[in-house]
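Visitor: Have a peek at upload.txt (compact mmCIF, C-alpha atoms).
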```
# COMPACT_ATOMS: atom_id res chain seq x y z
CA MET H 4 133.68 43.76 125.97
CA PHE H 5 130.28 45.32 125.37
CA LEU H 6 128.59 41.94 125.59
CA PHE H 7 130.40 41.23 128.83
CA TYR H 8 129.08 44.49 130.28
CA LEU H 9 125.63 43.72 128.99
CA GLU H 10 125.75 40.38 130.76
CA SER H 11 126.91 41.88 134.05
CA LEU H 12 124.22 44.53 133.73
CA MET H 13 121.64 41.78 133.42
CA ALA H 14 123.09 40.23 136.57
CA VAL H 15 122.36 43.37 138.59
CA PHE H 16 118.99 43.97 136.95
CA PRO H 17 117.05 43.09 140.15
CA LEU H 18 118.74 46.10 141.77
CA PHE H 19 117.23 48.32 139.08
CA LEU H 20 113.79 46.92 139.80
CA LYS H 21 114.33 47.73 143.48
CA GLY H 22 115.37 51.24 142.50
CA LEU H 23 112.30 51.63 140.33
CA TRP H 24 110.16 50.50 143.26
CA MET H 25 111.84 53.10 145.50
CA THR H 26 111.25 55.83 142.89
CA VAL H 27 107.58 54.85 142.61
CA ALA H 28 107.24 54.67 146.42
CA ILE H 29 108.78 58.10 147.00
CA SER H 30 106.83 59.80 144.24
CA GLY H 31 103.62 57.99 145.19
CA LEU H 32 103.83 58.91 148.85
CA SER H 33 104.82 62.50 148.27
CA LEU H 34 102.18 62.77 145.56
CA ILE H 35 99.54 62.19 148.24
CA THR H 36 101.09 64.49 150.85
CA ALA H 37 101.87 67.22 148.32
CA THR H 38 98.32 67.12 146.97
CA ILE H 39 96.89 67.55 150.48
CA LEU H 40 99.30 70.38 151.30
CA GLY H 41 98.78 71.98 147.89
CA PHE H 42 95.00 71.98 148.11
CA LEU H 43 95.02 73.38 151.65
CA ALA H 44 97.47 76.10 150.65
CA GLY H 45 95.64 76.81 147.41
CA ILE H 46 92.30 77.23 149.15
CA GLY H 47 94.01 79.40 151.78
CA ARG H 48 95.57 81.50 149.08
CA SER H 49 92.24 82.31 147.48
CA SER H 50 90.64 83.07 150.85
CA GLY H 51 90.02 86.59 152.09
CA ILE H 52 92.47 86.48 155.00
CA LYS H 53 95.34 88.78 154.06
CA LEU H 54 97.99 87.40 156.42
CA LEU H 55 97.32 83.85 155.22
CA ARG H 56 97.53 84.95 151.59
CA TYR H 57 100.86 86.69 152.07
CA GLY H 58 102.25 83.82 154.13
CA ILE H 59 101.37 81.26 151.48
CA GLY H 60 102.58 83.56 148.71
CA PHE H 61 105.93 83.84 150.48
CA TYR H 62 106.20 80.06 150.79
CA VAL H 63 105.33 79.51 147.14
CA ASN H 64 107.83 82.06 145.89
CA LEU H 65 110.54 80.70 148.18
CA VAL H 66 110.08 77.22 146.71
CA ARG H 67 109.70 78.38 143.12
CA GLY H 68 112.72 80.64 143.36
CA THR H 69 115.23 78.01 144.46
CA PRO H 70 116.36 74.76 142.82
CA PHE H 71 115.03 71.54 144.33
CA LEU H 72 118.61 70.37 144.85
CA VAL H 73 119.26 73.32 147.17
CA GLN H 74 116.01 72.64 149.04
CA ILE H 75 117.07 69.04 149.66
CA PHE H 76 120.47 70.16 150.90
CA VAL H 77 118.82 72.65 153.24
CA ILE H 78 116.49 70.01 154.69
CA PHE H 79 119.02 67.23 154.90
CA PHE H 80 122.10 69.13 156.09
CA ILE H 81 120.77 72.12 157.99
CA LEU H 82 117.97 70.58 160.07
CA PRO H 83 120.51 68.45 162.03
CA GLU H 84 122.11 71.74 163.14
CA PHE H 85 118.89 72.44 165.00
CA GLY H 86 118.78 68.97 166.50
CA ILE H 87 116.39 67.42 163.98
CA HIS H 88 118.03 64.31 162.54
CA LEU H 89 116.34 62.73 159.57
CA GLU H 90 117.01 59.55 157.65
CA PRO H 91 117.34 60.05 153.88
CA PHE H 92 113.92 58.57 153.11
CA PRO H 93 111.78 60.81 155.38
CA ALA H 94 113.95 63.79 154.42
CA ALA H 95 113.20 63.05 150.77
CA ILE H 96 109.46 62.79 151.42
CA ILE H 97 109.45 66.08 153.35
CA ALA H 98 111.41 67.89 150.64
CA MET H 99 109.18 66.53 147.87
CA THR H 100 106.05 67.45 149.82
CA ILE H 101 107.17 71.03 150.41
CA MET H 102 108.23 71.43 146.77
CA GLY H 103 105.21 69.70 145.22
CA GLY H 104 102.81 71.46 147.59
CA ALA H 105 103.93 74.89 146.42
CA PHE H 106 103.39 74.07 142.75
CA ILE H 107 100.05 72.36 143.38
CA CYS H 108 98.99 75.38 145.46
CA GLU H 109 99.49 77.59 142.40
CA ILE H 110 97.50 75.20 140.21
CA VAL H 111 94.62 75.03 142.71
CA ALA H 112 94.55 78.80 143.29
CA ALA H 113 94.51 79.45 139.52
CA GLY H 114 91.71 76.91 139.07
CA MET H 115 89.59 78.49 141.78
CA GLU H 116 90.11 81.92 140.32
CA ALA H 117 88.89 80.67 136.94
CA VAL H 118 85.46 79.94 138.41
CA PRO H 119 83.16 82.86 137.53
CA LYS H 120 82.60 85.31 140.38
CA GLY H 121 78.84 84.97 140.06
CA GLN H 122 79.04 81.38 141.24
CA ARG H 123 80.51 82.39 144.59
CA GLU H 124 78.04 85.22 144.94
CA ALA H 125 75.15 82.91 144.14
CA ALA H 126 76.43 80.39 146.68
CA MET H 127 76.75 83.15 149.25
CA SER H 128 73.25 84.46 148.65
CA THR H 129 71.75 80.98 148.98
CA GLY H 130 73.14 81.06 152.51
CA LEU H 131 75.91 78.46 152.15
CA SER H 132 78.68 78.68 154.73
CA ARG H 133 82.25 79.44 153.62
CA TYR H 134 83.14 75.78 153.82
CA GLN H 135 80.07 74.77 151.84
CA GLN H 136 80.80 77.37 149.17
CA VAL H 137 84.26 75.96 148.56
CA ARG H 138 83.29 72.32 148.96
CA TYR H 139 80.11 72.21 146.88
CA VAL H 140 80.29 75.14 144.46
CA ILE H 141 83.82 76.38 143.78
CA LEU H 142 86.01 73.26 143.95
CA PRO H 143 83.85 70.94 141.80
CA GLN H 144 83.91 73.52 139.01
CA ALA H 145 87.56 74.36 139.53
CA MET H 146 88.56 70.68 139.21
CA ARG H 147 88.05 70.94 135.47
CA THR H 148 90.85 73.50 135.25
CA ILE H 149 92.94 71.89 137.99
CA LEU H 150 93.07 68.27 136.86
CA PRO H 151 95.19 68.39 133.66
CA PRO H 152 98.06 70.50 135.13
CA LEU H 153 97.83 68.45 138.34
CA VAL H 154 98.62 65.26 136.45
CA GLY H 155 101.40 67.17 134.69
CA GLN H 156 102.73 68.11 138.11
CA TYR H 157 102.76 64.44 139.11
CA VAL H 158 105.02 63.73 136.16
CA LEU H 159 107.35 66.46 137.43
CA LEU H 160 107.29 64.87 140.91
CA VAL H 161 108.38 61.50 139.51
CA LYS H 162 111.18 63.18 137.58
CA ASP H 163 112.28 65.39 140.47
CA SER H 164 112.44 62.34 142.72
CA SER H 165 115.65 61.49 140.84
CA ILE H 166 117.33 64.37 142.66
CA VAL H 167 116.81 62.81 146.11
CA SER H 168 119.41 60.24 145.04
CA VAL H 169 122.08 62.76 146.10
CA ILE H 170 121.29 62.27 149.79
CA GLY H 171 121.65 58.52 149.47
CA VAL H 172 118.11 57.30 148.81
CA MET H 173 118.46 54.10 146.77
CA ASP H 174 116.19 55.17 143.95
CA LEU H 175 116.55 54.41 140.25
CA THR H 176 119.07 57.16 139.58
CA ARG H 177 121.17 56.19 142.60
CA VAL H 178 121.23 52.56 141.45
CA GLY H 179 122.37 53.74 138.03
CA TRP H 180 125.07 55.91 139.59
CA LEU H 181 126.38 53.02 141.72
CA THR H 182 126.28 50.60 138.78
CA VAL H 183 128.18 52.88 136.46
CA GLN H 184 131.11 52.89 138.90
CA ARG H 185 131.61 49.18 138.18
CA ILE H 186 130.21 48.83 134.67
CA PRO H 187 131.72 51.79 132.81
CA GLU H 188 129.18 51.80 130.00
CA GLY H 189 127.35 55.01 130.86
CA MET H 190 125.03 54.99 127.86
CA LEU H 191 123.98 51.41 128.55
CA VAL H 192 123.40 51.91 132.28
CA PHE H 193 121.62 55.26 132.08
CA GLY H 194 119.82 54.19 128.92
CA LEU H 195 118.24 51.45 131.03
CA VAL H 196 117.50 53.92 133.84
CA GLY H 197 115.93 56.28 131.30
CA ILE H 198 113.74 53.54 129.82
CA MET H 199 112.41 52.73 133.29
CA TYR H 200 111.56 56.38 133.99
CA PHE H 201 109.97 56.56 130.57
CA ALA H 202 107.74 53.59 131.41
CA VAL H 203 106.38 55.51 134.40
CA CYS H 204 106.21 59.04 133.01
CA TYR H 205 105.08 58.59 129.42
CA PRO H 206 101.64 57.12 130.28
CA LEU H 207 101.14 59.94 132.79
CA ILE H 208 102.00 62.59 130.18
CA GLN H 209 99.54 60.99 127.75
CA LEU H 210 96.90 60.98 130.49
CA ALA H 211 97.48 64.69 131.15
CA ALA H 212 97.15 65.49 127.44
CA ARG H 213 93.92 63.47 127.15
CA LEU H 214 92.44 65.09 130.24
CA GLU H 215 93.25 68.51 128.80
CA LYS H 216 91.46 67.65 125.57
CA ARG H 217 88.44 66.19 127.39
CA MET H 218 88.13 69.15 129.73
CA SER H 219 88.35 71.74 126.95
CA VAL H 220 85.70 69.86 124.94
CA GLY H 221 83.43 69.95 127.99
CA GLU H 222 84.00 73.65 128.28
CA SER H 223 83.06 74.49 124.72
CA ARG H 224 79.86 72.51 125.11
CA LEU H 225 78.67 74.84 127.87
CA MET J 14 119.17 82.00 164.74
CA LEU J 15 120.82 85.08 163.28
CA GLU J 16 123.32 85.31 166.13
CA TYR J 17 124.70 81.91 165.11
CA PHE J 18 124.88 82.86 161.48
CA ASN J 19 128.52 83.44 160.62
CA PHE J 20 128.63 86.29 158.11
CA ARG J 21 132.41 86.49 158.24
CA VAL J 22 132.76 83.06 156.65
CA ILE J 23 130.36 84.05 153.90
CA ALA J 24 132.43 87.17 153.27
CA GLN J 25 135.52 84.99 152.99
CA TYR J 26 133.84 82.81 150.40
CA LEU J 27 132.18 85.68 148.58
CA ASP J 28 134.47 85.53 145.55
CA GLN J 29 133.71 81.81 145.30
CA TYR J 30 130.01 82.67 145.19
CA LEU J 31 130.51 85.42 142.64
CA ILE J 32 132.41 83.03 140.36
CA GLY J 33 129.53 80.60 140.85
CA LEU J 34 126.93 83.26 140.11
CA LEU J 35 128.75 84.22 136.94
CA ALA J 36 129.00 80.57 135.88
CA THR J 37 125.31 79.92 136.58
CA GLY J 38 124.51 83.03 134.55
CA TRP J 39 126.57 82.36 131.46
CA ILE J 40 125.90 78.60 131.39
CA SER J 41 122.15 79.29 131.56
CA LEU J 42 122.35 81.96 128.87
CA VAL J 43 124.34 79.80 126.45
CA SER J 44 122.07 76.82 127.11
CA LEU J 45 118.97 78.94 126.62
CA PHE J 46 120.31 80.26 123.32
CA LEU J 47 121.13 76.74 122.08
CA ALA J 48 117.79 75.43 123.37
CA LEU J 49 115.92 78.12 121.43
CA ILE J 50 117.66 77.09 118.19
CA LEU J 51 117.17 73.40 118.94
CA GLY J 52 113.56 73.91 119.98
CA THR J 53 112.73 75.84 116.80
CA ILE J 54 114.29 73.15 114.62
CA ALA J 55 112.56 70.34 116.53
CA CYS J 56 109.24 72.18 116.32
CA VAL J 57 109.50 72.74 112.56
CA MET J 58 110.43 69.07 112.14
CA ARG J 59 107.54 68.01 114.36
CA LEU J 60 105.06 69.96 112.20
CA SER J 61 106.50 68.54 108.99
CA LYS J 62 104.21 66.42 106.81
CA ASN J 63 107.01 63.90 106.28
CA ARG J 64 106.34 61.18 108.81
CA LEU J 65 109.98 60.20 109.24
CA ILE J 66 111.07 63.75 110.03
CA SER J 67 108.22 64.40 112.42
CA GLY J 68 108.73 60.97 113.98
CA VAL J 69 112.39 61.65 114.76
CA SER J 70 111.43 64.91 116.41
CA ALA J 71 108.60 63.25 118.37
CA VAL J 72 110.99 60.60 119.72
CA TYR J 73 113.40 63.33 120.82
CA ILE J 74 110.74 65.44 122.50
CA GLU J 75 108.93 62.59 124.23
CA SER J 76 112.04 60.80 125.47
CA ILE J 77 113.37 64.04 126.96
CA ARG J 78 110.07 64.95 128.57
CA SER J 79 109.59 61.49 130.08
CA THR J 80 112.99 61.20 131.79
CA PRO J 81 114.61 63.30 134.53
CA LEU J 82 117.29 65.83 133.65
CA LEU J 83 119.65 64.22 136.16
CA THR J 84 119.45 60.90 134.29
CA GLN J 85 120.13 62.70 131.01
CA LEU J 86 123.07 64.49 132.57
CA TYR J 87 124.58 61.24 133.86
CA PHE J 88 123.85 59.59 130.51
CA PHE J 89 126.15 62.07 128.78
CA TYR J 90 128.62 62.46 131.64
CA PHE J 91 129.30 58.73 132.01
CA GLY J 92 128.26 57.73 128.51
CA LEU J 93 130.17 60.03 126.17
CA PRO J 94 133.67 58.94 127.36
CA SER J 95 132.74 55.29 126.86
CA ILE J 96 132.12 55.90 123.16
CA GLY J 97 135.32 57.90 122.86
CA ILE J 98 133.98 61.46 123.04
CA ASN J 99 135.84 63.47 125.64
CA ILE J 100 134.42 66.88 126.49
CA ASN J 101 134.77 68.66 129.81
CA GLU J 102 132.14 68.92 132.53
CA VAL J 103 130.93 72.38 131.54
CA GLN J 104 130.41 71.32 127.94
CA THR J 105 128.62 68.16 129.04
CA GLY J 106 126.39 70.26 131.28
CA ILE J 107 125.53 72.72 128.53
CA LEU J 108 124.83 69.84 126.14
CA ALA J 109 122.41 68.17 128.58
CA LEU J 110 120.74 71.43 129.60
CA SER J 111 120.13 72.65 126.07
CA LEU J 112 118.91 69.25 124.83
CA ASN J 113 116.54 69.11 127.79
CA SER J 114 115.22 72.64 127.52
CA GLY J 115 115.04 72.39 123.71
CA ALA J 116 112.38 69.68 123.92
CA TYR J 117 110.17 71.81 126.17
CA ILE J 118 110.70 74.90 124.04
CA ALA J 119 109.73 72.93 120.92
CA GLU J 120 106.39 72.13 122.54
CA ILE J 121 105.89 75.75 123.60
CA ILE J 122 106.55 77.05 120.08
CA ARG J 123 104.31 74.37 118.59
CA ALA J 124 101.46 75.41 120.87
CA GLY J 125 102.03 79.02 119.78
CA ILE J 126 101.93 78.24 116.06
CA LEU J 127 98.89 75.97 116.42
CA SER J 128 97.10 78.75 118.33
CA VAL J 129 96.92 80.85 115.15
CA PRO J 130 93.56 80.03 113.54
CA ARG J 131 93.86 78.19 110.24
CA GLY J 132 91.47 80.70 108.63
CA HIS J 133 93.88 83.59 109.25
CA ILE J 134 96.64 81.83 107.33
CA GLU J 135 94.24 80.94 104.51
CA ALA J 136 93.06 84.54 104.40
CA GLY J 137 96.70 85.59 104.07
CA ILE J 138 97.22 83.18 101.17
CA ALA J 139 94.01 84.38 99.52
CA SER J 140 95.05 88.02 99.72
CA GLY J 141 98.32 87.13 98.01
CA LEU J 142 100.81 87.48 100.86
CA SER J 143 104.07 85.60 100.45
CA PHE J 144 105.16 83.00 103.02
CA ILE J 145 107.54 85.49 104.68
CA GLN J 146 104.82 88.13 104.82
CA ARG J 147 102.35 85.67 106.31
CA LEU J 148 104.95 84.71 108.91
CA ARG J 149 105.84 88.34 109.65
CA TYR J 150 102.39 89.92 109.70
CA ILE J 151 99.97 87.12 110.59
CA ILE J 152 101.57 84.16 112.37
CA LEU J 153 104.35 85.70 114.46
CA PRO J 154 102.45 88.65 115.99
CA GLN J 155 99.70 86.29 117.18
CA ALA J 156 101.94 83.39 118.20
CA LEU J 157 104.33 85.62 120.14
CA GLY J 158 101.72 86.49 122.75
CA VAL J 159 101.15 82.79 123.41
CA VAL J 160 104.81 81.80 123.28
CA VAL J 161 106.66 84.46 125.27
CA PRO J 162 105.19 83.91 128.78
CA PRO J 163 105.93 80.15 128.96
CA LEU J 164 109.27 80.78 127.26
CA LEU J 165 110.29 83.10 130.09
CA GLY J 166 109.05 80.44 132.49
CA SER J 167 111.34 77.87 130.94
CA ALA J 168 114.23 80.33 131.23
CA ILE J 169 113.61 80.40 135.00
CA VAL J 170 113.45 76.60 135.07
CA LEU J 171 116.71 76.46 133.13
CA VAL J 172 118.52 78.59 135.72
CA LYS J 173 117.28 76.35 138.51
CA ASP J 174 118.09 73.18 136.57
CA SER J 175 121.65 74.34 136.06
CA SER J 176 122.14 73.64 139.79
CA LEU J 177 122.38 69.95 138.87
CA LEU J 178 125.69 70.66 137.16
CA SER J 179 127.18 70.91 140.65
CA LEU J 180 126.80 67.11 140.80
CA ILE J 181 129.28 66.68 137.94
CA SER J 182 131.59 69.15 139.74
CA VAL J 183 131.00 72.29 137.68
CA LEU J 184 131.72 75.32 139.86
CA GLU J 185 128.42 77.22 139.90
CA LEU J 186 126.20 78.63 142.65
CA THR J 187 125.20 75.34 144.28
CA ARG J 188 128.76 74.01 144.08
CA ALA J 189 130.00 77.16 145.82
CA GLY J 190 127.64 76.38 148.70
CA GLN J 191 128.84 72.79 148.80
CA ILE J 192 132.46 73.90 148.94
CA LEU J 193 131.83 76.22 151.88
CA THR J 194 129.85 73.50 153.64
CA SER J 195 132.47 70.80 153.24
CA GLU J 196 135.47 73.00 154.05
CA ARG J 197 134.00 74.74 157.11
CA PHE J 198 131.23 72.32 158.15
CA MET J 199 128.69 75.13 157.98
CA PRO J 200 125.77 73.90 155.91
CA ALA J 201 123.45 76.72 157.01
CA GLU J 202 125.83 79.45 155.85
CA GLY J 203 126.69 77.52 152.71
CA PHE J 204 123.25 76.64 151.41
CA PHE J 205 121.26 79.63 152.65
CA THR J 206 123.67 81.93 150.82
CA THR J 207 123.27 79.85 147.68
CA ALA J 208 119.49 80.01 148.06
CA VAL J 209 119.59 83.80 148.45
CA PHE J 210 121.54 84.18 145.21
CA TYR J 211 119.02 82.00 143.36
CA LEU J 212 116.15 84.01 144.83
CA VAL J 213 117.73 87.23 143.56
CA ILE J 214 118.02 85.77 140.04
CA TYR J 215 114.44 84.50 140.28
CA ALA J 216 113.12 87.87 141.41
CA ALA J 217 114.93 89.67 138.59
CA LEU J 218 113.64 87.24 135.96
CA LYS J 219 110.13 87.41 137.37
CA VAL J 220 110.06 91.21 137.30
CA PHE J 221 111.31 91.10 133.71
CA SER J 222 108.76 88.45 132.77
CA ASP J 223 105.85 90.39 134.29
CA TRP J 224 107.00 93.52 132.49
CA ALA J 225 107.30 91.67 129.16
CA GLN J 226 103.86 90.14 129.61
CA LYS J 227 102.31 93.54 130.27
CA LYS J 228 104.01 94.91 127.16
CA LEU J 229 102.64 92.05 125.08
CA ILE J 230 99.09 92.43 126.36
CA PHE J 231 99.35 96.15 125.64
CA ARG J 232 100.41 95.46 122.09
CA GLU J 233 97.73 92.89 121.57
CA ALA J 234 95.06 95.33 122.65
CA HIS J 235 96.06 97.67 119.84
```
Show me the file's structure as structure tokens.

Guide:
Amino acid sequence: MFLFYLESLMAVFPLFLKGLWMTVAISGLSLITATILGFLAGIGRSSGIKLLRYGIGFYVNLVRGTPFLVQIFVIFFILPEFGIHLEPFPAAIIAMTIMGGAFICEIVAAGMEAVPKGQREAAMSTGLSRYQQVRYVILPQAMRTILPPLVGQYVLLVKDSSIVSVIGVMDLTRVGWLTVQRIPEGMLVFGLVGIMYFAVCYPLIQLAARLEKRMSVGESRL
Amino acid sequence: MLEYFNFRVIAQYLDQYLIGLLATGWISLVSLFLALILGTIACVMRLSKNRLISGVSAVYIESIRSTPLLTQLYFFYFGLPSIGININEVQTGILALSLNSGAYIAEIIRAGILSVPRGHIEAGIASGLSFIQRLRYIILPQALGVVVPPLLGSAIVLVKDSSLLSLISVLELTRAGQILTSERFMPAEGFFTTAVFYLVIYAALKVFSDWAQKKLIFREAH
């Protein structure tokens, strides 16, 4: 019986590849949008404008304080009440962007705060504009602190993309869920799903660890 | 928007939400407790000089960290019955949650132990302290300051992750929102209320975590 299931699982294997592609597409796209949103919000958060700081702080806490599953439900089921109808795919991208942006914002803000105060003062006294200060002095130095947790956050994005399967996006987890209805070997089916996630996430985790080591070596050399 | 918000319905479903809140609370607590035990064991195994023992632990930690919780949950939910193990949804949920969180906690504890300088331990050995004394007076006091903040962070993550149990029909906070939504077709009332409950838990945990961190820093300074 097991062999029979194994054979039928092999027959639907192309579906799994499609699901993997969808997972990579969703996490890849939202990785870009979340990074942009996160950097903008992070820079805004460390700016001097009080209203902006509080606004962004509110957004970050709202996202960090609720499960991603609830955020997806809110975006997918409540927006139609206000006349905004979204297909599952764009809804998933929006939800992932909002969620990822909040976490990346925290990473960026922490990184910018880690840059010694003297650097900003020196930049100011050389007559650089606000934009120039951030662009040429603060951010390049902050990147050292930002990069390792940022890659770690990308791993989380790939893993959290599994949750968008609940609104009907045909990602890897959704394919597994549909398959297990017909091939009742849960360990086999979700073992395969897990291996495919592993293939994406494990190299990223290793990359984050290596970056962390490299960056801390660079720091001690200073 | 507030004039459309139907508070009466929420009041009707309030006991549903309270049951859900209670379930989210005790499931998270039990899972956290189990994860702490599991994480400590995995961490001790990981630091072992025996390659087989540390290898087993590494496989556990890496495979958990590289796959989404939802996949792990489905793996047990659909997989355990197919190998003849029948446990209910709540038990399956607690199993998946504590296995998941245990892997992260193992890494947190490992980072804490490795943060104690080797020389301190050697100095303890040289001055004739026993293993228990070294643990009690040298390793733990230093490691605790490194371990406690991320540990509280993973407690917050655990509470949010427990929302996924709603997908295997465990009645907790998110499920309560789903029930209201599907019975009354009021997603805004259903999911916003759920979100508010999570935010309250988050705020409470965050206040506690900030307080604990301050306490720790205070103690370290002495």

Visitor: Using 3 Å of padding on each side, determine the axis-aligned box around all atoms of segment 128-134 of chain H present in the file and give its centre and edge lengths in Å to one decimal, as AutoDock Vina command-line options.

Guide:
```
--center_x 77.4 --center_y 80.1 --center_z 151.7 --size_x 17.4 --size_y 14.7 --size_z 12.1
```

Visitor: Go ahead and compute the interatomic distance for atom CA of Ser179 of chain J and atom CA of Glu188 of chain H, in Å to one decimal.

Guide: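 If I compute the distance from atom CA of Ser179 of chain J to atom CA of Glu188 of chain H, I get 22.0 Å.
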
Visitor: What does the structure give for the distance between atom CA of Ile134 of chain J and atom CA of Leu60 of chain J, in Å to one decimal?

Guide: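 Value for the atom CA of Ile134 of chain J-atom CA of Leu60 of chain J distance: 15.3 Å.
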
Visitor: Residues of chain H that have any atom at most 6 Å from an atom of chain J: could you tabulate them with the shortest-distance atom pair and the distance in Å to one decimal, using all atoms listed in the file, ordered by chain and increasing number, as a Markdown table?

Guide:
```
| residue | atom | partner | partner_atom | distance |
| --- | --- | --- | --- | --- |
| H:Gly68 | CA | J:Leu212 | CA | 5.0 |
| H:Thr69 | CA | J:Tyr211 | CA | 5.6 |
| H:Pro70 | CA | J:Lys173 | CA | 4.7 |
| H:Ile81 | CA | J:Ala201 | CA | 5.4 |
| H:Lys162 | CA | J:Pro81 | CA | 4.6 |
| H:Glu188 | CA | J:Ser95 | CA | 5.9 |
| H:Gly189 | CA | J:Gly92 | CA | 3.7 |
| H:Met190 | CA | J:Gly92 | CA | 4.3 |
| H:Phe193 | CA | J:Phe88 | CA | 5.1 |
| H:Gly197 | CA | J:Thr80 | CA | 5.8 |
| H:Tyr200 | CA | J:Thr80 | CA | 5.5 |
| H:Phe201 | CA | J:Ser79 | CA | 5.0 |
| H:Cys204 | CA | J:Ser79 | CA | 5.1 |
| H:Tyr205 | CA | J:Ser79 | CA | 5.4 |
```

Visitor: Need the shell around segment 138-151 of chain H: protein/DNA/RNA residues with any atom at most 9 Å away, counting all atoms listed in the file. Skip same-chain ones fewer than 4 positions apart. Format as a ChimeraX atom specification?

Guide: /H:107,110-118,122-123,126,133-134,155-156,210-216,218-219,221-222

Visitor: Considering only C-alpha atoms, can you say which of J:Pro130, J:Leu193, J:Arg21, J:Ser182 comes closest to Thr105 of chain J?

Guide: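 Once distances to Thr105 of chain J are computed over only C-alpha atoms, the minimum belongs to J:Ser182.
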
Visitor: Rounded to one decimal, what separation in Å do you get between atom CA of Tyr150 of chain J and atom CA of Gly137 of chain J?

Guide: 9.1 Å

Visitor: Considering all atoms listed in the file, return as a PyMOL selection string whatever protein or nucleic-acid residues lie within 9 Å of segment 171-181 of chain H, sequence-local ones (same chain, fewer than 3 positions apart) excluded.

Guide: (chain H and resi 18-27+29+91-92+95+164-168+184-185+189+192-193+195-197+199-200) or (chain J and resi 83-84+87)

Visitor: Need to verify the contact set: segment 67-72 of chain J, 10 Å, all atoms listed in the file, exclusion of same-chain residues closer than 4 positions in sequence. Can you return it as a PDB file with C-alpha atoms, keeping the file's coordinate frame?

Guide:
```
ATOM      1  CA  GLY J  52     113.560  73.910 119.980  1.00  0.00           C
ATOM      2  CA  ILE J  54     114.290  73.150 114.620  1.00  0.00           C
ATOM      3  CA  ALA J  55     112.560  70.340 116.530  1.00  0.00           C
ATOM      4  CA  CYS J  56     109.240  72.180 116.320  1.00  0.00           C
ATOM      5  CA  VAL J  57     109.500  72.740 112.560  1.00  0.00           C
ATOM      6  CA  MET J  58     110.430  69.070 112.140  1.00  0.00           C
ATOM      7  CA  ARG J  59     107.540  68.010 114.360  1.00  0.00           C
ATOM      8  CA  LEU J  60     105.060  69.960 112.200  1.00  0.00           C
ATOM      9  CA  SER J  61     106.500  68.540 108.990  1.00  0.00           C
ATOM     10  CA  LYS J  62     104.210  66.420 106.810  1.00  0.00           C
ATOM     11  CA  ASN J  63     107.010  63.900 106.280  1.00  0.00           C
ATOM     12  CA  SER J  76     112.040  60.800 125.470  1.00  0.00           C
ATOM     13  CA  ILE J  77     113.370  64.040 126.960  1.00  0.00           C
ATOM     14  CA  ARG J  78     110.070  64.950 128.570  1.00  0.00           C
ATOM     15  CA  ALA J 116     112.380  69.680 123.920  1.00  0.00           C
ATOM     16  CA  ALA J 119     109.730  72.930 120.920  1.00  0.00           C
TER      17      ALA J 119
END
```

Visitor: Name the residues in contact with Ala37 of chain H at a cut-off of 7 Å, using only C-alpha atoms, excluding same-chain residues fewer than 3 positions from it; report them as a CSV table (one decimal) with C-alpha atoms, in the frame of the given file.

Guide:
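New file result23.csv:
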```csv
chain,number,residue,atom,x,y,z
H,33,SER,CA,104.8,62.5,148.3
H,34,LEU,CA,102.2,62.8,145.6
H,40,LEU,CA,99.3,70.4,151.3
H,41,GLY,CA,98.8,72.0,147.9
H,100,THR,CA,106.0,67.4,149.8
H,101,ILE,CA,107.2,71.0,150.4
H,103,GLY,CA,105.2,69.7,145.2
H,104,GLY,CA,102.8,71.5,147.6
```
